[in-house]
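Data block below; observations after.
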Amino acid sequence: MNLLSATKRIGLYAIALVFLVSTGYPFLYMIATSLKTQPYFFEHPVSLWGPFVLDNYGLVFELGIHRYFFNSLIISAVSVTLVILFAAMVSFPLARMRFKLNRPIYYLFLAGMMIPVHTTLIPVYMLTRQIGMYDTLWALTGPYVSFSLPISIVILTQFVKEIPKELDEAAIVDGTAPSKLFWLIIFPLLSPAIATIGIYNFIHIWNEFVFGLVLITTPAKMTLPLGLRAFYGEFSVNIPGIMAAITLGTLPLLLAYFFSQEKVVKGLSAGAVKG
Amino acid sequence: MNKGNVMNNSNVMRSARRQNRLQNGLFFLWFIGPALLVYLIYVVYPIFATLYYSLFDWTGIQAEKTFIALENYSKLMADKVFFKTIGNNLLLVLASVGTQIPLGLVMALILFTPIKGIRLFRTVYFLPLLMSTVALGILWTFIYDPTFGIINQALDRIGLGSWQKGWLGDPKTAFISVIITICWHYMPFYMILFRAAIAGIPDEIYEAAEIDGCSGWKKFWRITLPLIKPTIVTSCVLSVIGSLKYFDLIFVMTEGGPDSSTELMATYMYKQAFAQFNMGYASSISFTMFVIAFVVAVLILTFDRTRNKVTE
């Protein structure tokens with residue numbers, strides 16, 4: 001491989017650079033624009049450099065972007081915690097006990113990976129209205145948890161199956177109750193898989209759009225994606241301002257990625273399990 | 001022999017087993033219950049409810065519904081916009097499978113070459129996947145902006161000013177422009193799948209091939225490609241399923257316009273339900289989407305099974 005000819009090497013670098021520019025440039029453009037004043041942007045819309053100011057970020061905070069952050073953080077944290085607990089609890093009997101219902105239940109959850117969320121949109125909307133949760137942040141918990149369950153259960157069930165059975169048998173001989181066995185022995189062993197599904201679900205819930213769109217209308221209760229869209233609608237001329245908002249909105253995941261690249265990559269590729 | 005004792009023993013065992021079974025059953029219920037309940041309420045019930053709603057003429061605002069049996073479906077079969085959305089969804093499927101997967105594969109392969117600054121490439125290539133579809137849609141709306149967008153500005157600089165246009169405003173270019181953005185978003189996803197698959201190929205195979213005089217492209221066609229075939233199949237499945245239910249970027253960037261040129265089944269259904277308040281009709285679109293997804297899933301599963309049988 002080290003003996004690439006000069007032409008081949010040039011070709012390789014050219015292709016690699018094309019991809020580098022096409023994936024990286026929009027980010028540079030977004031960050032650079034967010035730091036420009038409006039007049040400067042109108043004169044130099046393309047340049048990646050210039051007299052940079054932080055005014056746009058000040059404006060975005062004044063308009064209350066932190067509220068959207070806070071809402072997103074809460075709903076993501078609560079939903080991910082519930083998903084982890086529920087999915088881990090389901091995975092244990094599914095992987096370990098021999099019940100007639102095991103397979104149908106497993107396939108019922110598995111099928112959820114194929115179902116378009118939009119099929120559930122109208123009933124979920126009606127249901128949310130009927131139980132009086134419409135236009136509250138908590139209305140999102142149910143849809144977020146239930147649509148994160150299938151993949152989490154599939155991953156965790158496979159993981160539990162790989163844990164040596166001798167562990168349970170020893171505990172059962174000692175007279176440990178199954179629930180104790182799960183919480184004290186199995187659950188701690190699941191932590192690598194829990195980290196993966198935690199990251200995967202967090203990113204997806206943090207970025208989720210359509211349920212928020214249907215279930216929330218009051219700006220103060222919006223999650224970040226909805227808030228960004230509201231910003232976009234509100235000041236469509238202030239392009240640097242909007243860029244500041246979407247840069248801020250992307251920042252948490254960018255930071256997480258730079259701090260633990262491998263974990264985030266692994267978490268995101270968790271979506272590729274095939275039942 | 002004391003038969004009674006044996007009977008007694010087996011009775012004790014049986015009742016112990018029964019108690020054990022009861023205990024296990026309760027445990028099963030308590031562990032499966034919460035997840036199953038939420039799932040039944042928010043995923044399973046809505047599918048039946050959608051089917052039920054689709055049989056009514058119903059705005060969704062007023063409580064009263066008129067039962068019209070399958071009228072919504074016959075209306076759907078005559079709805080030109082709906083067929084347009086199916087066509088667009090199919091185009092999206094083709095474009096996604098045809099671009100995201102090969103480009104993702106190329107990106108993954110680049111990461112295995114002895115290139116300088118590999119860490120930079122590896123880090124940057126992944127970035128698009130981190131953005132939310134809303135942030136991404138807004139960013140790309142401005143990239144396509146007729147006056148200030150990078151694309152038109154760049155065309156101007158290189159003397160192709162006459163090619164400038166409002167990319168998202170022109171029915172001829174709007175769909176392809178959004179498709180490019182969707183591909184940009186998902187390329188890194190397939191890249192990481194392929195990177196993991198290629199990394200899993202044992203070095204010995206390549207070494208043996210090199211000894212046999214295999215090099216460069218030949219190694220790729222003869223070894224890498226056949227060995228990552230399962231990953232390619234998985235990627236295609238994910239891409240097809242994802243494209244059939246796609247919604248986000250279209251809704252953020254064009255809302256299905258101009259002139260329904262970018263309308264997908266999901267955006268059309270959303271508009272019918274929450275903008276036009278034809279919830280009954282929207283439910284029939286929504287249920288049709290479910291049927292399509294179901295049929296595709298069954299096709300994929302049977303295909304998968306026969307393929308596995310052949311390889312066995």
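Chain labels follow the order of the structure tokens: the first chain is A, the next B, and so on; residue numbering restarts at 1 in every chain, and ligands are counted from 1 in their shown order.
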
Checklist line | Residues within 12 Å of Ile86 of chain B, only C-alpha atoms, excluding chain neighbours under 6 positions, as a VMD selection string | finding: chain B and resid 76 to 77 79 to 80 92 to 93 243 to 246 260 to 269 285 288 to 289 292

Next item on the list: Using backbone DSSP assignments, extract all alpha helix (DSSP H) residues from segment 81-290 of chain B; output them as JSON, numbers by chain.
Entry: {"B": [81, 82, 83, 84, 85, 86, 87, 88, 89, 90, 91, 92, 93, 94, 95, 101, 102, 103, 104, 105, 106, 107, 108, 109, 110, 118, 119, 120, 121, 122, 123, 124, 125, 126, 133, 134, 135, 136, 137, 138, 139, 140, 141, 142, 143, 150, 151, 152, 153, 154, 155, 156, 157, 174, 175, 176, 177, 178, 179, 180, 181, 182, 183, 184, 185, 186, 187, 188, 189, 190, 191, 192, 193, 194, 195, 196, 197, 198, 199, 203, 204, 205, 206, 207, 208, 209, 210, 211, 216, 217, 218, 219, 225, 226, 227, 229, 230, 231, 232, 233, 234, 235, 236, 237, 238, 239, 240, 241, 242, 243, 244, 248, 249, 250, 251, 252, 253, 265, 266, 267, 268, 269, 270, 271, 272, 273, 274, 279, 280, 281, 282, 283, 284, 285, 286, 287, 288, 289, 290]}

Next item on the list: Using DSSP on the backbone coordinates, identify the residues of segment 6-213 of chain B assigned to strand (DSSP E); present them as a list in words.
Entry: Phe56, Asp57, Thr66 and Phe67 of chain B

Next item on the list: Residues of chain A near chain B: apply a cut-off of 7 Å, count only C-alpha atoms, and supply the list as a ChimeraX atom specification.
Entry: /A:2,16,20,23-24,30,45-46,86-87,89-90,93,114-116,118-120,123-124,142-143,146,207,225,228-229,246,250,253-254,269

Next item on the list: May I have the residues within 10 Å of Ser79 of chain A as a VMD selection string, using only C-alpha atoms and disregarding those fewer than 3 positions away in the same chain?
Entry: chain A and resid 73 to 76 82 to 85 138 140 to 146 148 198 201 to 202 205

Excluding Val264 of chain A and its own-chain neighbours fewer than 2 positions away, which residues fall within 10 Å of it when counting only C-alpha atoms? Please give them as an mmCIF file with N, CA and C atoms, in the first residue's frame.
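Result file is part_19.cif:
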data_model
loop_
_atom_site.group_PDB
_atom_site.id
_atom_site.type_symbol
_atom_site.label_atom_id
_atom_site.label_comp_id
_atom_site.auth_asym_id
_atom_site.auth_seq_id
_atom_site.Cartn_x
_atom_site.Cartn_y
_atom_site.Cartn_z
ATOM 1 N N ALA A 195 -24.507 2.061 27.602
ATOM 2 C CA ALA A 195 -23.863 3.286 27.109
ATOM 3 C C ALA A 195 -24.193 3.485 25.636
ATOM 4 N N THR A 196 -24.092 2.400 24.856
ATOM 5 C CA THR A 196 -24.355 2.510 23.423
ATOM 6 C C THR A 196 -25.790 2.949 23.146
ATOM 7 N N ILE A 199 -26.487 6.616 24.248
ATOM 8 C CA ILE A 199 -26.003 7.639 23.318
ATOM 9 C C ILE A 199 -26.886 7.688 22.081
ATOM 10 N N TYR A 200 -27.184 6.514 21.546
ATOM 11 C CA TYR A 200 -28.008 6.453 20.338
ATOM 12 C C TYR A 200 -29.357 7.141 20.563
ATOM 13 N N ILE A 203 -29.162 11.042 21.197
ATOM 14 C CA ILE A 203 -28.981 11.849 19.991
ATOM 15 C C ILE A 203 -30.283 11.920 19.198
ATOM 16 N N LEU A 253 -23.794 18.253 20.816
ATOM 17 C CA LEU A 253 -23.391 16.980 20.210
ATOM 18 C C LEU A 253 -21.977 17.069 19.655
ATOM 19 N N LEU A 254 -21.623 18.247 19.104
ATOM 20 C CA LEU A 254 -20.255 18.421 18.615
ATOM 21 C C LEU A 254 -19.260 18.233 19.758
ATOM 22 N N ALA A 256 -19.710 16.645 22.622
ATOM 23 C CA ALA A 256 -19.708 15.242 23.045
ATOM 24 C C ALA A 256 -18.858 14.416 22.086
ATOM 25 N N TYR A 257 -18.989 14.725 20.806
ATOM 26 C CA TYR A 257 -18.245 13.980 19.793
ATOM 27 C C TYR A 257 -16.740 14.193 19.946
ATOM 28 N N PHE A 258 -16.347 15.451 20.183
ATOM 29 C CA PHE A 258 -14.912 15.693 20.301
ATOM 30 C C PHE A 258 -14.337 15.094 21.573
ATOM 31 N N PHE A 259 -15.170 14.980 22.613
ATOM 32 C CA PHE A 259 -14.652 14.418 23.854
ATOM 33 C C PHE A 259 -14.557 12.900 23.806
ATOM 34 N N SER A 260 -15.530 12.259 23.207
ATOM 35 C CA SER A 260 -15.430 10.790 23.146
ATOM 36 C C SER A 260 -15.918 10.299 21.786
ATOM 37 N N GLN A 261 -15.059 10.521 20.810
ATOM 38 C CA GLN A 261 -15.390 10.227 19.421
ATOM 39 C C GLN A 261 -15.859 8.788 19.230
ATOM 40 N N GLU A 262 -15.077 7.841 19.757
ATOM 41 C CA GLU A 262 -15.390 6.437 19.490
ATOM 42 C C GLU A 262 -16.746 6.041 20.061
ATOM 43 N N LYS A 266 -19.845 4.736 17.865
ATOM 44 C CA LYS A 266 -20.413 3.427 18.164
ATOM 45 C C LYS A 266 -21.907 3.543 18.481
ATOM 46 N N GLY A 267 -22.245 4.569 19.259
ATOM 47 C CA GLY A 267 -23.643 4.779 19.609
ATOM 48 C C GLY A 267 -24.498 4.990 18.381
ATOM 49 N N LEU A 268 -23.999 5.810 17.445
ATOM 50 C CA LEU A 268 -24.813 6.116 16.274
ATOM 51 C C LEU A 268 -24.934 4.937 15.329
ATOM 52 N N SER A 269 -23.908 4.077 15.294
ATOM 53 C CA SER A 269 -24.019 2.945 14.375
ATOM 54 C C SER A 269 -24.879 1.843 14.980
ATOM 55 N N ALA A 270 -25.328 2.036 16.222
ATOM 56 C CA ALA A 270 -26.211 1.046 16.842
ATOM 57 C C ALA A 270 -27.506 0.906 16.063
ATOM 58 N N LEU B 130 -24.122 14.486 13.040
ATOM 59 C CA LEU B 130 -24.397 15.013 14.371
ATOM 60 C C LEU B 130 -25.467 16.091 14.373
#

Next item on the list: Pick out the closest residue to Leu94 of chain B from this set: B:Ser162, B:Ser239, B:Thr306, B:Ser177. Count only C-alpha atoms.
Entry: B:Ser239

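Atom pair atom CA of Leu35 of chain A / atom CA of Leu54 of chain A has a distance of 5.8 Å (rounded to one decimal).
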